[in-house]
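Participant: This is the structure I want to talk about, given as structure tokens.
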Amino acid sequence: MASLPVESLTALANRHPKPTDITFQYGTAGFRTLGSVLDSVLFRVGVLAGLRSKKLDGRTIGVMITASHNPEEDNGVKLVDPRGEMLEASWEGHATSLSNAATTADFISALETLVQATKIDLSKPARVVYARDTRPSGPTLVSALEDGFTAIGAETRNAGVTTTPILHYLVRSINTLGTEDSYGPDSEEGYFAKLSTAYKKLVSSRAPSPPLLIDCANGVGALAAVKLVDVLGETLKITLVNDSTTTAGALNKNCGADFVKTSQKLPPSLFEHLRAGDRACSLDGDADRLIYYYLDERSQFHLLDGDKIAALTAAFIVELVKLAGLESDIKVGIVQTAYANGASTKYLQDRLPVKCVPTGVKHLHHAAEQYDVGVYFEANGHGTVLFSNNTLKTLKAHQPQSPAQSSALEHLISLTELINQTVGDALSDMLLVEVVLAHKAYTGVEWDSLYADLPNRLVKVVVGDRNAFRTTDAERRLVSPAGLQEKIEELVNRYQGGRSFVRPSGTEDVVRVYAEAAIRSQADELAFRVAGLVYDEAGGDPAKRPKEFL
């Protein structure tokens, strides 16, 4: 029976000691904190990825080094399971406990416990593919990760500097290569070819779309977008802005999907590029989130967030299913979180089944898998569409009864190729939106008029311990601190169309407050009143209390 390579593990682990004063946690997006303190975590994740692969009979596991929309000084790492999905939930706890082992001896002991508890056959091979985004701390962290691979004896493939969704795509492609479930060629070129071929088919009979402006957040999405522009050629004219990946401090700074969504305004760098009537979109730092917006004829900014993307795309897919004559065979459903605007929920509930789940990709993805076609988009712009295996077989076997059915069926099949079903993918989702806009001949104005958003505000409250805040009912109600939920409800009842909830962040030591109401001033006031309640409840220093908290 093979045993752990304790000698190489010990020698290499000693090069990457754990900082004494930090507790790490594998959360919604993996590990995420200051890049300068993650060295030991990356080494241990390298070892863990090897063990996860061995547990799954040598199937390839993915490792992505990124902190997405966080500031440039942060970094993070997450593991990707063989079908390109998030790491199995039970292994998040293993990642957390391994990362917090105080010494090398404790780390080896925790590994031995893990191997026994999960019955890993150490004689199996370990295979890993890994990548990073453009953050300055990336190369150093890759080096620590590679030491972890070496220590456990993993076969590796370095996918270099690329987007998170491309890494997810590669994991699934590598693991399905040569099977009937083949997801596509296992290369970046294969990814771009798959997307561009499907897009060109879908818009071939449509009038050319007006040029599109893309804000790349000065992140890795800029490198991928350049390649996408090249393969699309004249099919879609694209202008890239905020595409500087080497300027210190530029990543996500006053640009990108998170900036646009939270500040609800145009990135300052786009003022000179965008004219009245133009549409544009922003990626986030690792290109897994997408936010659209446009300027109306008075040059007023209008946000088209993940809720608007969900409404646009879900309605289009439902329409195609009907046109293909598959209404009784394929059921389309949509999954949202508590952050979904109340107006979007009402619009969608009138058209198809809607389910609310806790925040976090794993919850959305899992719930979307329960439908024949599951659409999920968080309001922040992260989302995708999942087609079940049965649905793919139905599409393949269906015999259309008319040219109209035949055309709708071809479009549905092309959508299964265009959409990156492993994870939210800003570039794939952007092409999906462009397809729908081309088919419907919509500008931003028509899209925006599907429903009117209730005014809303998202406020961050810095707290000493986010874990003191616990929620229930898909994160829409607090169960602790005791009594706080009742105070929030008392406030909410004072506002017409009022709704507010509080939840701890999955990625940083803050609590997020969301509020909406019938008019903008009341949504803002409600959000800042609830934020004040939270700050005081968390024992915030009165002298440092943000002046906007009421």
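Naming scheme: A, B, ... for chains in displayed order of the structure tokens; residues 1 onward per chain; ligands 1 onward as shown.
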Please provide as a compact mmCIF listing (two decimals) with N, CA, C and O atoms, in the first residue's frame all residues within 10 Å of His411 in chain A, with the sequence filter that same-chain residues fewer than 3 positions apart are discarded (counting only C-alpha atoms).

Facilitator:
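Written output follows (around02.txt):
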```txt
# COMPACT_ATOMS: atom_id res chain seq x y z
N ALA A 198 -19.89 29.23 -32.77
CA ALA A 198 -21.30 29.24 -32.35
C ALA A 198 -21.90 30.64 -32.54
O ALA A 198 -23.02 30.78 -33.04
N TYR A 199 -21.15 31.66 -32.16
CA TYR A 199 -21.66 33.03 -32.28
C TYR A 199 -21.94 33.38 -33.75
O TYR A 199 -23.01 33.93 -34.08
N LYS A 201 -22.62 31.41 -36.22
CA LYS A 201 -23.82 30.68 -36.69
C LYS A 201 -25.09 31.39 -36.22
O LYS A 201 -26.04 31.53 -36.99
N LEU A 202 -25.09 31.81 -34.97
CA LEU A 202 -26.30 32.38 -34.36
C LEU A 202 -26.69 33.74 -34.95
O LEU A 202 -27.86 34.11 -34.94
N VAL A 203 -25.70 34.50 -35.43
CA VAL A 203 -26.03 35.85 -35.94
C VAL A 203 -25.94 35.93 -37.47
O VAL A 203 -26.09 37.00 -38.04
N ILE A 317 -34.58 32.01 -24.47
CA ILE A 317 -34.49 30.54 -24.51
C ILE A 317 -35.88 29.91 -24.45
O ILE A 317 -36.17 28.96 -25.19
N LEU A 320 -37.35 30.16 -27.88
CA LEU A 320 -36.77 29.19 -28.82
C LEU A 320 -37.31 27.78 -28.58
O LEU A 320 -37.58 27.04 -29.52
N VAL A 321 -37.45 27.42 -27.29
CA VAL A 321 -37.97 26.08 -26.95
C VAL A 321 -39.39 25.92 -27.51
O VAL A 321 -39.73 24.89 -28.09
N ALA A 324 -39.31 25.66 -31.34
CA ALA A 324 -38.77 24.37 -31.80
C ALA A 324 -39.77 23.22 -31.59
O ALA A 324 -39.50 22.09 -31.98
N GLN A 405 -39.33 25.45 -36.97
CA GLN A 405 -38.86 24.56 -35.89
C GLN A 405 -37.39 24.21 -36.09
O GLN A 405 -36.61 24.18 -35.14
N SER A 406 -37.03 23.93 -37.32
CA SER A 406 -35.65 23.56 -37.64
C SER A 406 -34.67 24.67 -37.27
O SER A 406 -33.63 24.44 -36.66
N SER A 407 -35.03 25.91 -37.61
CA SER A 407 -34.19 27.07 -37.31
C SER A 407 -34.04 27.25 -35.79
O SER A 407 -32.93 27.46 -35.28
N ALA A 408 -35.16 27.17 -35.06
CA ALA A 408 -35.12 27.34 -33.59
C ALA A 408 -34.28 26.24 -32.94
O ALA A 408 -33.51 26.49 -32.01
N SER A 414 -26.74 25.62 -31.04
CA SER A 414 -25.61 26.56 -31.06
C SER A 414 -25.42 27.25 -29.71
O SER A 414 -24.30 27.52 -29.29
N LEU A 415 -26.54 27.53 -29.01
CA LEU A 415 -26.43 28.14 -27.67
C LEU A 415 -25.70 27.22 -26.70
O LEU A 415 -24.95 27.68 -25.84
N THR A 416 -25.91 25.89 -26.83
CA THR A 416 -25.22 24.96 -25.92
C THR A 416 -23.71 25.00 -26.15
O THR A 416 -22.93 24.66 -25.26
N GLU A 417 -23.29 25.42 -27.35
CA GLU A 417 -21.86 25.56 -27.67
C GLU A 417 -21.32 26.93 -27.25
O GLU A 417 -20.18 27.05 -26.83
```

Participant: Output as a CSV table (one decimal) with N, CA, C and O atoms, in the first residue's frame all residues of range 210-380 of chain A that backbone DSSP marks as strand (DSSP E or B).

Facilitator:
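File written: selection-v7.csv
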```
chain,number,residue,atom,x,y,z
A,212,LEU,N,-19.4,47.5,-30.0
A,212,LEU,CA,-19.6,47.3,-28.6
A,212,LEU,C,-18.3,47.8,-27.9
A,212,LEU,O,-17.2,47.4,-28.3
A,213,LEU,N,-18.4,48.5,-26.8
A,213,LEU,CA,-17.2,48.9,-26.0
A,213,LEU,C,-17.1,48.0,-24.8
A,213,LEU,O,-18.1,47.7,-24.1
A,214,ILE,N,-15.9,47.5,-24.5
A,214,ILE,CA,-15.7,46.6,-23.4
A,214,ILE,C,-14.7,47.2,-22.5
A,214,ILE,O,-13.5,47.4,-22.8
A,215,ASP,N,-15.1,47.3,-21.2
A,215,ASP,CA,-14.2,47.8,-20.1
A,215,ASP,C,-13.6,46.5,-19.5
A,215,ASP,O,-14.3,45.7,-18.9
A,238,ILE,N,-15.6,45.4,-31.9
A,238,ILE,CA,-15.4,45.6,-30.4
A,238,ILE,C,-14.2,46.6,-30.2
A,238,ILE,O,-13.2,46.6,-30.9
A,239,THR,N,-14.5,47.5,-29.2
A,239,THR,CA,-13.4,48.5,-28.8
A,239,THR,C,-13.1,48.1,-27.4
A,239,THR,O,-14.0,48.0,-26.5
A,240,LEU,N,-11.8,47.9,-27.0
A,240,LEU,CA,-11.4,47.6,-25.7
A,240,LEU,C,-10.8,48.8,-25.0
A,240,LEU,O,-10.0,49.5,-25.5
A,241,VAL,N,-11.3,49.0,-23.7
A,241,VAL,CA,-10.7,50.1,-22.9
A,241,VAL,C,-10.4,49.5,-21.5
A,241,VAL,O,-10.8,48.4,-21.2
A,279,ARG,N,-24.0,51.3,-26.2
A,279,ARG,CA,-24.0,50.3,-25.1
A,279,ARG,C,-22.6,49.9,-24.9
A,279,ARG,O,-21.7,50.0,-25.7
A,280,ALA,N,-22.3,49.4,-23.7
A,280,ALA,CA,-21.0,49.0,-23.3
A,280,ALA,C,-21.2,47.9,-22.2
A,280,ALA,O,-22.3,47.7,-21.7
A,281,CYS,N,-20.1,47.2,-21.9
A,281,CYS,CA,-20.1,46.3,-20.8
A,281,CYS,C,-18.8,46.3,-20.1
A,281,CYS,O,-17.7,46.7,-20.6
A,282,SER,N,-18.8,45.8,-18.8
A,282,SER,CA,-17.6,45.7,-18.0
A,282,SER,C,-17.4,44.3,-17.5
A,282,SER,O,-18.3,43.7,-17.1
A,283,LEU,N,-16.1,43.8,-17.6
A,283,LEU,CA,-15.7,42.5,-17.1
A,283,LEU,C,-15.2,42.8,-15.7
A,283,LEU,O,-14.9,44.0,-15.4
A,290,LEU,N,-20.0,40.0,-15.6
A,290,LEU,CA,-20.3,40.9,-16.7
A,290,LEU,C,-21.5,41.8,-16.3
A,290,LEU,O,-22.5,41.4,-15.8
A,291,ILE,N,-21.3,43.1,-16.5
A,291,ILE,CA,-22.3,44.1,-16.3
A,291,ILE,C,-22.4,44.9,-17.6
A,291,ILE,O,-21.4,45.4,-18.1
A,292,TYR,N,-23.7,45.1,-18.1
A,292,TYR,CA,-23.9,46.0,-19.2
A,292,TYR,C,-24.5,47.3,-18.8
A,292,TYR,O,-25.0,47.5,-17.7
A,293,TYR,N,-24.4,48.3,-19.7
A,293,TYR,CA,-25.0,49.6,-19.4
A,293,TYR,C,-25.1,50.4,-20.7
A,293,TYR,O,-24.5,50.0,-21.7
A,294,TYR,N,-25.9,51.5,-20.7
A,294,TYR,CA,-26.0,52.3,-22.0
A,294,TYR,C,-26.2,53.7,-21.6
A,294,TYR,O,-26.6,54.0,-20.4
A,295,LEU,N,-26.0,54.6,-22.5
A,295,LEU,CA,-26.4,56.0,-22.3
A,295,LEU,C,-27.6,56.3,-23.2
A,295,LEU,O,-27.7,55.9,-24.3
A,301,PHE,N,-26.8,57.6,-17.7
A,301,PHE,CA,-26.3,56.3,-17.6
A,301,PHE,C,-27.5,55.4,-17.1
A,301,PHE,O,-28.3,55.7,-16.2
A,302,HIS,N,-27.6,54.1,-17.7
A,302,HIS,CA,-28.5,53.1,-17.2
A,302,HIS,C,-27.8,51.8,-17.1
A,302,HIS,O,-27.2,51.3,-18.0
A,303,LEU,N,-28.0,51.2,-15.9
A,303,LEU,CA,-27.3,49.9,-15.6
A,303,LEU,C,-28.2,48.7,-16.1
A,303,LEU,O,-29.4,48.7,-15.9
A,304,LEU,N,-27.5,47.7,-16.7
A,304,LEU,CA,-28.2,46.5,-17.1
A,304,LEU,C,-27.4,45.4,-16.4
A,304,LEU,O,-26.4,44.9,-17.0
A,332,VAL,N,-37.7,25.2,-18.7
A,332,VAL,CA,-36.7,26.2,-18.4
A,332,VAL,C,-37.0,26.8,-17.0
A,332,VAL,O,-38.2,27.1,-16.7
A,333,GLY,N,-36.0,26.9,-16.1
A,333,GLY,CA,-36.2,27.5,-14.8
A,333,GLY,C,-35.1,28.5,-14.5
A,333,GLY,O,-34.0,28.4,-15.2
A,334,ILE,N,-35.3,29.4,-13.6
A,334,ILE,CA,-34.3,30.4,-13.3
A,334,ILE,C,-34.0,30.4,-11.8
A,334,ILE,O,-34.9,30.1,-10.9
A,335,VAL,N,-32.8,30.6,-11.4
A,335,VAL,CA,-32.4,30.6,-10.0
A,335,VAL,C,-31.8,32.0,-9.7
A,335,VAL,O,-31.0,32.6,-10.4
A,336,GLN,N,-32.2,32.6,-8.6
A,336,GLN,CA,-31.8,33.9,-8.1
A,336,GLN,C,-31.3,33.8,-6.7
A,336,GLN,O,-31.5,32.8,-6.0
A,354,VAL,N,-39.2,30.2,-10.7
A,354,VAL,CA,-38.1,31.0,-10.1
A,354,VAL,C,-37.8,30.4,-8.7
A,354,VAL,O,-38.7,30.2,-7.9
A,355,LYS,N,-36.5,30.1,-8.4
A,355,LYS,CA,-36.1,29.6,-7.1
A,355,LYS,C,-35.1,30.6,-6.5
A,355,LYS,O,-34.2,31.1,-7.2
A,356,CYS,N,-35.2,30.8,-5.2
A,356,CYS,CA,-34.2,31.7,-4.5
A,356,CYS,C,-33.3,30.8,-3.6
A,356,CYS,O,-33.8,29.9,-2.9
A,373,VAL,N,-33.3,23.1,-18.5
A,373,VAL,CA,-32.4,24.3,-18.8
A,373,VAL,C,-32.5,25.2,-17.6
A,373,VAL,O,-33.6,25.7,-17.3
A,374,GLY,N,-31.4,25.4,-16.9
A,374,GLY,CA,-31.3,26.2,-15.7
A,374,GLY,C,-30.6,27.5,-16.0
A,374,GLY,O,-29.4,27.4,-16.3
A,375,VAL,N,-31.2,28.6,-15.8
A,375,VAL,CA,-30.6,29.9,-16.0
A,375,VAL,C,-30.2,30.5,-14.6
A,375,VAL,O,-31.1,30.5,-13.8
A,376,TYR,N,-29.0,30.9,-14.4
A,376,TYR,CA,-28.7,31.6,-13.1
A,376,TYR,C,-27.8,32.8,-13.3
A,376,TYR,O,-26.8,32.6,-14.1
A,377,PHE,N,-28.2,33.9,-12.8
A,377,PHE,CA,-27.3,35.1,-12.8
A,377,PHE,C,-27.5,35.8,-11.5
A,377,PHE,O,-28.6,36.1,-11.1
```

Participant: Would you please work out which residue, of A:Ser204, A:Ser3, A:Thr66, A:Ser209, is nearest to Gly30 in chain A when using only C-alpha atoms?

Facilitator: A:Thr66

Participant: Please compute the CA of Glu525 in chain A-CA of Arg512 in chain A distance, one decimal, in Å.

Facilitator: 15.3 Å

Participant: Write down as a PyMOL selection string the residues belonging to range 369-431 of chain A that are assigned helix (DSSP H, G or I) by DSSP computed on the backbone.

Facilitator: chain A and resi 389-397+403-418+426-431

Participant: Can you tell me how far CA of Ala248 in chain A sits from CA of His168 in chain A, in Å to one decimal?

Facilitator: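 Here the two named atoms are 27.3 Å from each other.
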
Participant: Using only C-alpha atoms, can you tell me which of A:Pro82, A:Gly178, A:Gly424, A:Gly360 comes closest to His382 in chain A?

Facilitator: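 Counting only C-alpha atoms, the residue closest to His382 in chain A is A:Gly424.
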
Participant: Could you name the residues that touch range 46-50 of chain A at 6 Å or less, counting only C-alpha atoms, but leaving out those on the same chain fewer than 4 positions away, as a ChimeraX atom specification?

Facilitator: /A:126,145,148-149,152,154

Participant: Point out the residue among A:Val161, A:Leu431, A:Ala343, A:Ala438 with the least atom-to-atom distance to Ala518 in chain A, counting only C-alpha atoms.

Facilitator: A:Ala343
